[in-house]
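Visitor: What follows is a structure written as structure tokens; I'll ask about it next.
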Amino acid sequence: MIWWCKARAVPALLATLIATIALGLLIGDAQLPVPALTGASGDFLIGHLITLAPAIVLLYGTGRGDLATETVASRPLRVWDTALAGAIGLLGLSTAVVSRLADADGLTTVLGRNLAGYTALALLLMPLLGQHLSTSALACIPLVCAATGWARNGQPDYWAWILHPADSLPALLLVTALLPAGMAFALTWRRPPLTIRGL
């Protein structure tokens with residue numbers, strides 16, 4: 001288990017998670033100027049972007065091994081990787097739910113929800129695309145949302161859950177559905193990633 005923690009960069013992941021939460025609580029409600037390509041522009045917070053960091057480090061850690069070999073390994077590496085990602089996602093999701101139910105700071109809800117959402121997307125992308133492509137695809141998601149996820153009235157579109165305010169129940173429900181779907185997909189997908197297959 002120690003070799004797995006080292007191979008998956010678990011200490012770096014935990015440090016990134018702590019730094020993301022601390023930084024998010026300190027400056028997460030600061031706004032970033034991002035031009036909207038469609039609709040009216042809205043509030044794109046630093047908290048929408050920095051919660052991406054743990055998912056990126058998670059992808060880095062899971063991509064450090066030989067994915068083709070690990071697919072058929074005798075040790076349950078896929079289960080361990082998915083459990084690690086699920087723990088991070090559940091931490092974020094439970095933080096968002098408790099914060100929302102307690103009517104606490106809305107920033108905490110957004111940070112937890114987006115942390116869980118990005119982790120769920122990482123679980124969906126990694127088996128399909130491999131580490132490098134999934135990292136790039138995941139990094140593009142908040143930028144695409146910021147540029148095209150606004151309706152004409154300045155409110156986020158329904159699909160751009162990252163941009164939704166803390167009191168958005170549809171965004172929280174979407175992330176709640178995405179996390180178990182990502183975990184199930186990561187556990188059941190048996191084909192090698194596109195990068196291994198040479199596509």
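Residue names in the structure tokens use chain letters A, B, ... in the order shown, residue numbers from 1 in each chain, and ligand numbers from 1 in the order shown.
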Need the shell around Ala122 in chain A: protein/DNA/RNA residues with any atom at most 8 Å away, counting only C-alpha atoms. Skip same-chain ones fewer than 2 positions apart. Format as a VMD selection string?
Guide: chain A and resid 55 to 56 59 118 to 120 124 to 126 134 to 135 138 182
Visitor: I'd like the neighbourhood of range 6-22 of chain A as an MDAnalysis selection string, where a residue qualifies if any of its atoms comes within 12 Å (using only C-alpha atoms), though same-chain residues fewer than 3 positions away should be ignored.
Guide: chainID A and resid 1:3 25:28 46:66 77:78 80:82 84:85 87:89 91:92 95 107:112 114:116 119
Visitor: Got a sec: who's within 10 Å of Leu37 in chain A, counting only C-alpha atoms, leaving out chain neighbours fewer than 4 positions off, as a PyMOL selection string?
Guide: chain A and resi 41+144+146-150
Visitor: Residues as selected, C-alpha atoms, written as a PDB file, in the first residue's frame, can you do that?
Guide:
```
ATOM      1  CA  SER A  41     -21.151  37.798 -18.801  1.00  0.00           C
ATOM      2  CA  VAL A 144     -15.589  26.793 -21.744  1.00  0.00           C
ATOM      3  CA  ALA A 146     -16.932  30.847 -18.338  1.00  0.00           C
ATOM      4  CA  ALA A 147     -16.924  31.783 -22.028  1.00  0.00           C
ATOM      5  CA  THR A 148     -20.137  30.126 -23.193  1.00  0.00           C
ATOM      6  CA  GLY A 149     -22.122  29.142 -20.105  1.00  0.00           C
ATOM      7  CA  TRP A 150     -24.091  32.343 -19.584  1.00  0.00           C
TER       8      TRP A 150
END
```
Visitor: Hey, can you check how far CA of Met183 in chain A sits from CA of Ala104 in chain A?
Guide: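 Rounded to one decimal, the two atoms are 28.5 Å apart.
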Visitor: From the options A:Ala171, A:Trp4, A:Ala96, A:Tyr158, which residue's atoms come nearest to Val79 in chain A, counting only C-alpha atoms?
Guide: A:Trp4
